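A.B. asks: Contents of query16.pdb (PDB, C-alpha atoms, pLDDT in the B column):
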```pdb
MODEL        1
ATOM      1  CA  MET A 109      39.071 -30.139  51.754  1.00 62.00           C
ATOM      2  CA  THR A 110      41.666 -30.534  54.467  1.00 71.00           C
ATOM      3  CA  SER A 111      41.777 -28.289  57.526  1.00 72.00           C
ATOM      4  CA  GLY A 112      44.863 -26.558  56.134  1.00 73.00           C
ATOM      5  CA  LEU A 113      43.054 -25.599  52.930  1.00 76.00           C
ATOM      6  CA  TRP A 114      40.028 -24.390  54.859  1.00 79.00           C
ATOM      7  CA  GLU A 115      42.355 -22.247  56.945  1.00 85.00           C
ATOM      8  CA  LEU A 116      43.719 -20.735  53.745  1.00 83.00           C
ATOM      9  CA  VAL A 117      40.182 -19.903  52.600  1.00 87.00           C
ATOM     10  CA  LEU A 118      39.305 -18.356  55.961  1.00 88.00           C
ATOM     11  CA  GLN A 119      42.429 -16.215  55.799  1.00 90.00           C
ATOM     12  CA  GLY A 120      41.227 -15.031  52.394  1.00 89.00           C
ATOM     13  CA  VAL A 121      37.831 -14.162  53.889  1.00 92.00           C
ATOM     14  CA  TRP A 122      39.526 -12.091  56.584  1.00 93.00           C
ATOM     15  CA  VAL A 123      41.628 -10.215  54.028  1.00 93.00           C
ATOM     16  CA  THR A 124      38.518  -9.529  51.919  1.00 93.00           C
ATOM     17  CA  VAL A 125      36.605  -8.222  54.944  1.00 94.00           C
ATOM     18  CA  GLN A 126      39.491  -5.917  55.891  1.00 94.00           C
ATOM     19  CA  LEU A 127      39.779  -4.599  52.337  1.00 94.00           C
ATOM     20  CA  LEU A 128      36.019  -4.069  52.161  1.00 95.00           C
ATOM     21  CA  PHE A 129      36.037  -2.177  55.466  1.00 96.00           C
ATOM     22  CA  PHE A 130      38.914   0.172  54.612  1.00 96.00           C
ATOM     23  CA  SER A 131      37.863   0.835  51.021  1.00 96.00           C
ATOM     24  CA  SER A 132      34.239   1.461  52.039  1.00 96.00           C
ATOM     25  CA  LEU A 133      35.388   4.009  54.626  1.00 96.00           C
ATOM     26  CA  LEU A 134      37.439   5.824  51.987  1.00 96.00           C
ATOM     27  CA  ALA A 135      34.634   5.589  49.423  1.00 96.00           C
ATOM     28  CA  THR A 136      32.103   6.997  51.913  1.00 95.00           C
ATOM     29  CA  ALA A 137      34.322   9.946  52.810  1.00 96.00           C
ATOM     30  CA  VAL A 138      35.053  10.684  49.148  1.00 96.00           C
ATOM     31  CA  SER A 139      31.362  10.325  48.253  1.00 95.00           C
ATOM     32  CA  PHE A 140      30.261  12.975  50.712  1.00 95.00           C
ATOM     33  CA  VAL A 141      33.103  15.376  49.982  1.00 95.00           C
ATOM     34  CA  ALA A 142      32.697  15.171  46.202  1.00 95.00           C
ATOM     35  CA  GLY A 143      28.894  14.938  46.334  1.00 94.00           C
ATOM     36  CA  ILE A 144      28.531  18.028  48.512  1.00 93.00           C
ATOM     37  CA  ALA A 145      31.101  19.826  46.370  1.00 94.00           C
ATOM     38  CA  ARG A 146      28.921  19.114  43.322  1.00 92.00           C
ATOM     39  CA  THR A 147      26.254  21.342  44.912  1.00 89.00           C
ATOM     40  CA  HIS A 148      28.642  24.157  45.899  1.00 88.00           C
ATOM     41  CA  ARG A 149      27.835  27.704  44.862  1.00 87.00           C
ATOM     42  CA  LEU A 150      31.319  28.258  43.361  1.00 90.00           C
ATOM     43  CA  TRP A 151      31.659  26.908  39.820  1.00 92.00           C
ATOM     44  CA  ILE A 152      35.315  25.971  40.237  1.00 94.00           C
ATOM     45  CA  VAL A 153      34.468  23.673  43.163  1.00 93.00           C
ATOM     46  CA  ARG A 154      31.657  22.072  41.150  1.00 93.00           C
ATOM     47  CA  PHE A 155      33.971  21.688  38.161  1.00 95.00           C
ATOM     48  CA  LEU A 156      36.745  19.972  40.126  1.00 95.00           C
ATOM     49  CA  ALA A 157      34.307  17.614  41.845  1.00 94.00           C
ATOM     50  CA  GLY A 158      32.638  16.832  38.532  1.00 93.00           C
ATOM     51  CA  PHE A 159      36.002  16.238  36.851  1.00 95.00           C
ATOM     52  CA  TYR A 160      37.001  13.746  39.530  1.00 95.00           C
ATOM     53  CA  THR A 161      33.648  11.978  39.251  1.00 94.00           C
ATOM     54  CA  GLU A 162      33.794  11.656  35.477  1.00 94.00           C
ATOM     55  CA  VAL A 163      37.419  10.441  35.447  1.00 93.00           C
ATOM     56  CA  PHE A 164      37.027   7.718  38.065  1.00 93.00           C
ATOM     57  CA  ARG A 165      33.534   6.724  37.001  1.00 90.00           C
ATOM     58  CA  GLY A 166      34.641   6.418  33.391  1.00 90.00           C
ATOM     59  CA  THR A 167      37.741   4.278  33.980  1.00 90.00           C
ATOM     60  CA  SER A 168      38.144   0.609  34.854  1.00 89.00           C
ATOM     61  CA  ALA A 169      38.676  -0.308  38.505  1.00 90.00           C
ATOM     62  CA  LEU A 170      40.999  -3.089  37.352  1.00 90.00           C
ATOM     63  CA  VAL A 171      43.173  -0.682  35.367  1.00 90.00           C
ATOM     64  CA  MET A 172      43.125   1.740  38.308  1.00 91.00           C
ATOM     65  CA  ILE A 173      44.514  -0.994  40.562  1.00 91.00           C
ATOM     66  CA  PHE A 174      47.254  -1.652  38.004  1.00 89.00           C
ATOM     67  CA  TRP A 175      47.995   2.072  37.882  1.00 90.00           C
ATOM     68  CA  VAL A 176      48.213   2.528  41.660  1.00 89.00           C
ATOM     69  CA  PHE A 177      50.263  -0.612  42.260  1.00 87.00           C
ATOM     70  CA  PHE A 178      52.529  -0.769  39.202  1.00 85.00           C
ATOM     71  CA  VAL A 179      52.704   2.712  37.630  1.00 86.00           C
ATOM     72  CA  LEU A 180      52.864   5.129  40.573  1.00 82.00           C
ATOM     73  CA  PRO A 181      55.794   3.473  42.420  1.00 77.00           C
ATOM     74  CA  PRO A 182      58.383   4.073  39.652  1.00 75.00           C
ATOM     75  CA  ALA A 183      57.018   7.573  39.080  1.00 76.00           C
ATOM     76  CA  PHE A 184      57.189   8.708  42.714  1.00 76.00           C
ATOM     77  CA  GLY A 185      59.753   6.351  44.178  1.00 76.00           C
ATOM     78  CA  TRP A 186      57.527   4.641  46.741  1.00 78.00           C
ATOM     79  CA  GLN A 187      55.599   1.393  46.861  1.00 79.00           C
ATOM     80  CA  LEU A 188      52.233   0.800  48.486  1.00 82.00           C
ATOM     81  CA  VAL A 189      51.557  -2.570  50.072  1.00 86.00           C
ATOM     82  CA  PRO A 190      48.756  -4.454  48.265  1.00 87.00           C
ATOM     83  CA  MET A 191      46.179  -3.746  50.996  1.00 90.00           C
ATOM     84  CA  TRP A 192      46.586   0.030  50.786  1.00 91.00           C
ATOM     85  CA  ALA A 193      46.943   0.037  47.003  1.00 90.00           C
ATOM     86  CA  GLY A 194      43.675  -1.871  46.722  1.00 92.00           C
ATOM     87  CA  THR A 195      42.000   0.380  49.287  1.00 94.00           C
ATOM     88  CA  LEU A 196      43.076   3.530  47.429  1.00 93.00           C
ATOM     89  CA  ALA A 197      42.053   2.305  43.985  1.00 93.00           C
ATOM     90  CA  LEU A 198      38.696   0.842  45.041  1.00 95.00           C
ATOM     91  CA  GLY A 199      37.855   3.676  47.434  1.00 95.00           C
ATOM     92  CA  LEU A 200      38.442   6.382  44.837  1.00 94.00           C
ATOM     93  CA  THR A 201      36.661   4.460  42.079  1.00 94.00           C
ATOM     94  CA  TYR A 202      33.526   3.593  44.023  1.00 95.00           C
ATOM     95  CA  GLY A 203      33.592   6.963  45.767  1.00 95.00           C
ATOM     96  CA  ALA A 204      32.955   8.531  42.362  1.00 94.00           C
ATOM     97  CA  TYR A 205      29.744   6.532  42.026  1.00 95.00           C
ATOM     98  CA  GLY A 206      28.802   7.383  45.604  1.00 95.00           C
ATOM     99  CA  SER A 207      29.248  11.099  44.976  1.00 94.00           C
ATOM    100  CA  GLU A 208      26.412  10.968  42.461  1.00 94.00           C
ATOM    101  CA  ILE A 209      24.207   9.299  45.079  1.00 94.00           C
ATOM    102  CA  VAL A 210      24.952  12.102  47.539  1.00 94.00           C
ATOM    103  CA  ARG A 211      24.403  14.821  44.947  1.00 93.00           C
ATOM    104  CA  GLY A 212      21.099  13.317  43.831  1.00 92.00           C
ATOM    105  CA  ALA A 213      19.796  12.896  47.388  1.00 92.00           C
ATOM    106  CA  LEU A 214      20.692  16.481  48.301  1.00 91.00           C
ATOM    107  CA  GLY A 215      18.999  17.735  45.155  1.00 88.00           C
ATOM    108  CA  ALA A 216      15.840  15.800  46.018  1.00 88.00           C
ATOM    109  CA  VAL A 217      15.285  17.648  49.303  1.00 86.00           C
ATOM    110  CA  ASP A 218      12.252  19.920  49.128  1.00 85.00           C
ATOM    111  CA  PRO A 219      13.402  23.417  48.053  1.00 83.00           C
ATOM    112  CA  ALA A 220      11.144  24.876  50.729  1.00 85.00           C
ATOM    113  CA  GLN A 221      13.432  23.334  53.335  1.00 83.00           C
ATOM    114  CA  LYS A 222      16.418  25.191  51.890  1.00 79.00           C
ATOM    115  CA  GLU A 223      14.438  28.425  51.712  1.00 82.00           C
ATOM    116  CA  GLY A 224      13.445  27.981  55.350  1.00 85.00           C
ATOM    117  CA  GLY A 225      17.110  27.728  56.318  1.00 83.00           C
ATOM    118  CA  ILE A 226      17.866  30.915  54.407  1.00 79.00           C
ATOM    119  CA  ALA A 227      14.953  32.667  56.102  1.00 84.00           C
ATOM    120  CA  LEU A 228      16.416  31.646  59.468  1.00 83.00           C
ATOM    121  CA  SER A 229      19.760  33.208  58.452  1.00 77.00           C
ATOM    122  CA  PHE A 230      21.569  29.859  58.557  1.00 83.00           C
ATOM    123  CA  THR A 231      24.985  29.723  56.920  1.00 82.00           C
ATOM    124  CA  PRO A 232      25.413  27.290  54.000  1.00 81.00           C
ATOM    125  CA  TRP A 233      27.195  24.833  56.312  1.00 86.00           C
ATOM    126  CA  GLN A 234      24.409  25.101  58.921  1.00 85.00           C
ATOM    127  CA  ARG A 235      21.773  24.463  56.254  1.00 85.00           C
ATOM    128  CA  MET A 236      23.739  21.450  55.055  1.00 86.00           C
ATOM    129  CA  LYS A 237      24.311  20.062  58.554  1.00 87.00           C
ATOM    130  CA  LEU A 238      20.952  20.806  60.169  1.00 86.00           C
ATOM    131  CA  ILE A 239      18.480  20.642  57.288  1.00 85.00           C
ATOM    132  CA  LEU A 240      19.714  18.950  54.123  1.00 88.00           C
ATOM    133  CA  LEU A 241      21.840  16.038  55.325  1.00 89.00           C
ATOM    134  CA  PRO A 242      19.400  14.749  57.986  1.00 88.00           C
ATOM    135  CA  GLN A 243      16.724  14.462  55.298  1.00 88.00           C
ATOM    136  CA  ALA A 244      18.960  13.288  52.467  1.00 90.00           C
ATOM    137  CA  VAL A 245      21.031  10.622  54.244  1.00 91.00           C
ATOM    138  CA  PRO A 246      18.141   8.157  54.807  1.00 90.00           C
ATOM    139  CA  GLU A 247      17.386   8.306  51.079  1.00 90.00           C
ATOM    140  CA  MET A 248      21.031   7.484  50.295  1.00 92.00           C
ATOM    141  CA  ILE A 249      21.029   4.182  52.183  1.00 93.00           C
ATOM    142  CA  PRO A 250      19.375   1.910  49.543  1.00 92.00           C
ATOM    143  CA  PRO A 251      21.679   2.987  46.680  1.00 93.00           C
ATOM    144  CA  PHE A 252      24.662   2.952  49.039  1.00 95.00           C
ATOM    145  CA  SER A 253      23.704  -0.596  50.002  1.00 94.00           C
ATOM    146  CA  ASN A 254      23.842  -1.635  46.341  1.00 94.00           C
ATOM    147  CA  LEU A 255      27.148   0.162  45.925  1.00 95.00           C
ATOM    148  CA  LEU A 256      28.572  -1.639  48.965  1.00 95.00           C
ATOM    149  CA  ILE A 257      27.653  -4.999  47.450  1.00 95.00           C
ATOM    150  CA  GLU A 258      29.329  -3.971  44.199  1.00 94.00           C
ATOM    151  CA  LEU A 259      32.404  -2.954  46.183  1.00 95.00           C
ATOM    152  CA  LEU A 260      32.435  -6.374  47.876  1.00 94.00           C
ATOM    153  CA  LYS A 261      32.504  -8.052  44.476  1.00 93.00           C
ATOM    154  CA  GLY A 262      35.113  -5.568  43.280  1.00 92.00           C
ATOM    155  CA  THR A 263      37.515  -6.655  46.023  1.00 93.00           C
ATOM    156  CA  ALA A 264      38.206  -9.794  43.976  1.00 91.00           C
ATOM    157  CA  LEU A 265      40.138  -7.604  41.535  1.00 91.00           C
ATOM    158  CA  VAL A 266      43.016  -7.211  43.997  1.00 90.00           C
ATOM    159  CA  SER A 267      43.989 -10.827  43.393  1.00 88.00           C
ATOM    160  CA  ILE A 268      45.927  -9.581  40.353  1.00 85.00           C
ATOM    161  CA  MET A 269      48.454  -8.086  42.805  1.00 85.00           C
ATOM    162  CA  GLY A 270      48.955 -11.473  44.447  1.00 81.00           C
ATOM    163  CA  MET A 271      46.992 -10.304  47.471  1.00 83.00           C
ATOM    164  CA  GLY A 272      45.617 -13.232  49.484  1.00 82.00           C
ATOM    165  CA  ASP A 273      41.955 -12.284  49.358  1.00 86.00           C
ATOM    166  CA  LEU A 274      39.082 -14.755  49.047  1.00 87.00           C
ATOM    167  CA  ALA A 275      39.339 -15.048  45.256  1.00 87.00           C
ATOM    168  CA  PHE A 276      43.118 -15.544  45.344  1.00 84.00           C
ATOM    169  CA  SER A 277      42.916 -18.112  48.143  1.00 87.00           C
ATOM    170  CA  GLY A 278      40.172 -19.985  46.319  1.00 85.00           C
ATOM    171  CA  ASN A 279      42.316 -20.202  43.212  1.00 82.00           C
ATOM    172  CA  LEU A 280      45.231 -21.604  45.244  1.00 86.00           C
ATOM    173  CA  VAL A 281      42.941 -24.274  46.691  1.00 85.00           C
ATOM    174  CA  ARG A 282      41.667 -25.090  43.207  1.00 85.00           C
ATOM    175  CA  LEU A 283      45.208 -25.583  41.953  1.00 81.00           C
ATOM    176  CA  ALA A 284      45.998 -27.799  44.944  1.00 83.00           C
ATOM    177  CA  LEU A 285      42.944 -30.039  44.550  1.00 82.00           C
ATOM    178  CA  GLN A 286      42.435 -29.749  40.788  1.00 81.00           C
ATOM    179  CA  GLU A 287      38.748 -29.327  41.515  1.00 80.00           C
ATOM    180  CA  SER A 288      36.989 -26.232  40.173  1.00 81.00           C
ATOM    181  CA  ALA A 289      33.257 -26.824  40.675  1.00 85.00           C
ATOM    182  CA  GLU A 290      33.411 -27.542  44.390  1.00 85.00           C
ATOM    183  CA  ILE A 291      35.859 -24.778  45.277  1.00 87.00           C
ATOM    184  CA  TYR A 292      34.203 -22.017  43.299  1.00 88.00           C
ATOM    185  CA  THR A 293      30.792 -23.055  44.628  1.00 90.00           C
ATOM    186  CA  TYR A 294      32.112 -22.541  48.147  1.00 89.00           C
ATOM    187  CA  ILE A 295      33.570 -19.180  47.143  1.00 91.00           C
ATOM    188  CA  LEU A 296      30.280 -18.032  45.617  1.00 93.00           C
ATOM    189  CA  LEU A 297      28.397 -19.039  48.762  1.00 94.00           C
ATOM    190  CA  ILE A 298      30.827 -17.144  50.981  1.00 93.00           C
ATOM    191  CA  TYR A 299      30.439 -13.984  48.891  1.00 94.00           C
ATOM    192  CA  PHE A 300      26.662 -14.420  49.020  1.00 95.00           C
ATOM    193  CA  VAL A 301      26.625 -14.785  52.816  1.00 95.00           C
ATOM    194  CA  ILE A 302      28.748 -11.647  53.284  1.00 94.00           C
ATOM    195  CA  ALA A 303      26.528  -9.704  50.867  1.00 94.00           C
ATOM    196  CA  PHE A 304      23.379 -10.930  52.599  1.00 95.00           C
ATOM    197  CA  LEU A 305      24.658  -9.820  56.008  1.00 95.00           C
ATOM    198  CA  LEU A 306      25.630  -6.420  54.623  1.00 94.00           C
ATOM    199  CA  THR A 307      22.151  -6.008  53.136  1.00 94.00           C
ATOM    200  CA  ARG A 308      20.504  -6.808  56.481  1.00 94.00           C
ATOM    201  CA  VAL A 309      22.719  -4.288  58.284  1.00 93.00           C
ATOM    202  CA  MET A 310      22.028  -1.546  55.739  1.00 92.00           C
ATOM    203  CA  ARG A 311      18.263  -2.138  55.894  1.00 91.00           C
ATOM    204  CA  GLY A 312      18.353  -1.861  59.667  1.00 91.00           C
ATOM    205  CA  LEU A 313      20.336   1.371  59.371  1.00 90.00           C
ATOM    206  CA  GLU A 314      17.829   2.727  56.854  1.00 88.00           C
ATOM    207  CA  LYS A 315      14.885   2.038  59.178  1.00 88.00           C
ATOM    208  CA  LYS A 316      16.677   3.673  62.100  1.00 88.00           C
ATOM    209  CA  LEU A 317      17.580   6.802  60.152  1.00 85.00           C
ATOM    210  CA  LYS A 318      14.131   7.177  58.620  1.00 81.00           C
ATOM    211  CA  ALA A 319      12.535   6.783  62.048  1.00 80.00           C
ATOM    212  CA  GLY A 320      14.677   9.677  63.260  1.00 66.00           C
ATOM    213  CA  VAL A 321      13.244  12.049  60.648  1.00 64.00           C
ATOM    214  CA  GLY A 322       9.794  10.512  60.415  1.00 54.00           C
ATOM    215  CA  LYS A 323       6.633  12.547  60.523  1.00 45.00           C
ATOM    216  CA  ALA A 324       3.670  11.719  62.686  1.00 41.00           C
ATOM    217  CA  PRO A 325       0.750  10.496  60.584  1.00 41.00           C
ATOM    218  CA  GLN A 326      -1.836  13.161  59.997  1.00 47.00           C
ATOM    219  CA  LYS A 327      -5.230  12.539  61.533  1.00 51.00           C
ATOM    220  CA  LYS A 328      -8.160  12.478  59.167  1.00 50.00           C
ATOM    221  CA  PRO A 329     -10.713  15.203  59.850  1.00 52.00           C
ATOM    222  CA  ALA A 330     -13.805  13.940  61.576  1.00 49.00           C
ATOM    223  CA  ALA A 331     -16.782  13.530  59.307  1.00 49.00           C
ATOM    224  CA  VAL A 332     -19.417  16.256  59.756  1.00 46.00           C
ATOM    225  CA  GLN A 333     -22.805  14.800  60.378  1.00 51.00           C
ATOM    226  CA  VAL A 334     -25.670  16.739  58.851  1.00 47.00           C
ATOM    227  CA  PRO A 335     -28.952  16.636  60.786  1.00 50.00           C
ATOM    228  CA  GLU A 336     -31.829  15.045  58.926  1.00 52.00           C
ATOM    229  CA  GLY A 337     -34.314  17.447  57.479  1.00 51.00           C
ATOM    230  CA  SER A 338     -31.812  20.289  57.224  1.00 47.00           C
ATOM    231  CA  GLY A 339     -32.184  20.425  53.497  1.00 51.00           C
ATOM    232  CA  VAL A 340     -28.448  19.874  52.902  1.00 45.00           C
ATOM    233  CA  SER A 341     -27.592  16.874  50.669  1.00 41.00           C
TER     234      SER A 341
ENDMDL
END
```
Output the structure of this file as structure tokens.
C.D. replies:
Amino acid sequence: MTSGLWELVLQGVWVTVQLLFFSSLLATAVSFVAGIARTHRLWIVRFLAGFYTEVFRGTSALVMIFWVFFVLPPAFGWQLVPMWAGTLALGLTYGAYGSEIVRGALGAVDPAQKEGGIALSFTPWQRMKLILLPQAVPEMIPPFSNLLIELLKGTALVSIMGMGDLAFSGNLVRLALQESAEIYTYILLIYFVIAFLLTRVMRGLEKKLKAGVGKAPQKKPAAVQVPEGSGVS
């Protein structure tokens, strides 16, 4: 490929990284808000959070992008730029999956920890902040890592809006060179490298968080030696 075509691909990589960053921030925020709401003591809060989760988890991300970019503008009289339309659609969609990760991790915390917070007269928010989240967040990292990789691959869907992401740029290069195998091999390798780096970062974060809530290993009790001839066997 010529330098100009490589520059086009690199621009697509930059757009994909930006979209991944913004949509992952939105998805993370939505995940925690909806996930914590799923454990709320009020049924109406649980119902609304569950309704959001089921709607966005049960619909196509591709159709959601169409809806945000093509349907909402005529209905409300405003138009989102492709970057923010993609961020909104992907963030809300993948945030629904993330909310289940948060809910499951919070539910897996030992009930005795919650009871201890109640015994100490902690408010629900104090129990969440000081007891539940510090123990639950490290357990969320592996599934969140998988979800982040899925979100990376989902960014390719924004090419339907004509957004110059990696997939869209790769297709333009393919049309220019009339060569599919070489171009799409490069594109696959670039996605793989980004995913690999994200996995390394998330594993490092997991180790750091788990070290912060780690327990010191318990010492084994010393063996009791019985004097010979004591009659004890």
A.B. asks: Looking at only C-alpha atoms, which of A:Leu127, A:Met310, A:Leu198, A:Val117 is the one that sits closest to Ala169 in chain A?
C.D. replies: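 Among the listed residues, the smallest separation from Ala169 in chain A belongs to A:Leu198.
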A.B. asks: Find the residues of range 116-175 of chain A that sit at most 9 Å from range 183-197 of chain A; for each, write down the nearest two atoms and how far apart they are in Å, to one decimal. Count all atoms listed in the file. Sort by chain, then by number going up, and give it as JSON lines.
C.D. replies:
```
{"residue": "A:Val123", "atom": "CA", "partner": "A:Met191", "partner_atom": "CA", "distance": 8.5}
{"residue": "A:Gln126", "atom": "CA", "partner": "A:Met191", "partner_atom": "CA", "distance": 8.6}
{"residue": "A:Leu127", "atom": "CA", "partner": "A:Thr195", "partner_atom": "CA", "distance": 6.2}
{"residue": "A:Leu128", "atom": "CA", "partner": "A:Thr195", "partner_atom": "CA", "distance": 8.0}
{"residue": "A:Phe129", "atom": "CA", "partner": "A:Thr195", "partner_atom": "CA", "distance": 9.0}
{"residue": "A:Phe130", "atom": "CA", "partner": "A:Thr195", "partner_atom": "CA", "distance": 6.2}
{"residue": "A:Ser131", "atom": "CA", "partner": "A:Thr195", "partner_atom": "CA", "distance": 4.5}
{"residue": "A:Ser132", "atom": "CA", "partner": "A:Thr195", "partner_atom": "CA", "distance": 8.3}
{"residue": "A:Leu134", "atom": "CA", "partner": "A:Thr195", "partner_atom": "CA", "distance": 7.6}
{"residue": "A:Ala135", "atom": "CA", "partner": "A:Leu196", "partner_atom": "CA", "distance": 8.9}
{"residue": "A:Ala169", "atom": "CA", "partner": "A:Ala197", "partner_atom": "CA", "distance": 6.9}
{"residue": "A:Leu170", "atom": "CA", "partner": "A:Ala197", "partner_atom": "CA", "distance": 8.6}
{"residue": "A:Met172", "atom": "CA", "partner": "A:Ala197", "partner_atom": "CA", "distance": 5.8}
{"residue": "A:Ile173", "atom": "CA", "partner": "A:Ala197", "partner_atom": "CA", "distance": 5.4}
{"residue": "A:Phe174", "atom": "CA", "partner": "A:Ala197", "partner_atom": "CA", "distance": 8.9}
{"residue": "A:Trp175", "atom": "CA", "partner": "A:Ala197", "partner_atom": "CA", "distance": 8.5}
```
A.B. asks: Hey, could you pull the box centre and edge lengths for range 290-304 of chain A, axis-aligned, 4 Å padding per side, all listed atoms, to one decimal in Å, as AutoDock Vina command-line options?
C.D. replies:
```
--center_x 29.6 --center_y -18.6 --center_z 48.3 --size_x 20.5 --size_y 25.8 --size_z 18.0
```
A.B. asks: Can you work out which one of A:Ile209, A:Val163, A:Val301, A:Leu180 has the shortest atom-to-atom distance to Phe252 in chain A, counting all atoms listed in the file?
C.D. replies: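 Of A:Ile209, A:Val163, A:Val301, A:Leu180, the one nearest Phe252 in chain A, counting all atoms listed in the file, is A:Ile209.
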A.B. asks: Hey, can you check how far CA of Ala220 in chain A sits from CA of Met248 in chain A?
C.D. replies: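 Straight-line distance from CA of Ala220 in chain A to CA of Met248 in chain A works out to 20.0 Å.
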A.B. asks: Given all atoms listed in the file, how would the per-residue table for range 123-158 of chain A near range 222-246 of chain A read, listing every residue at most 10 Å away with its closest atom pair and distance in Å to one decimal, sorted by chain and number, as a Markdown table?
C.D. replies:
```
| residue | atom | partner | partner_atom | distance |
| --- | --- | --- | --- | --- |
| A:Ile144 | CA | A:Met236 | CA | 8.8 |
| A:His148 | CA | A:Pro232 | CA | 9.3 |
| A:Arg149 | CA | A:Pro232 | CA | 9.5 |
```
A.B. asks: Using only C-alpha atoms, can you tell me which of A:Val281, A:Arg308, A:Gly199, A:Glu287 comes closest to Ser253 in chain A?
C.D. replies: A:Arg308
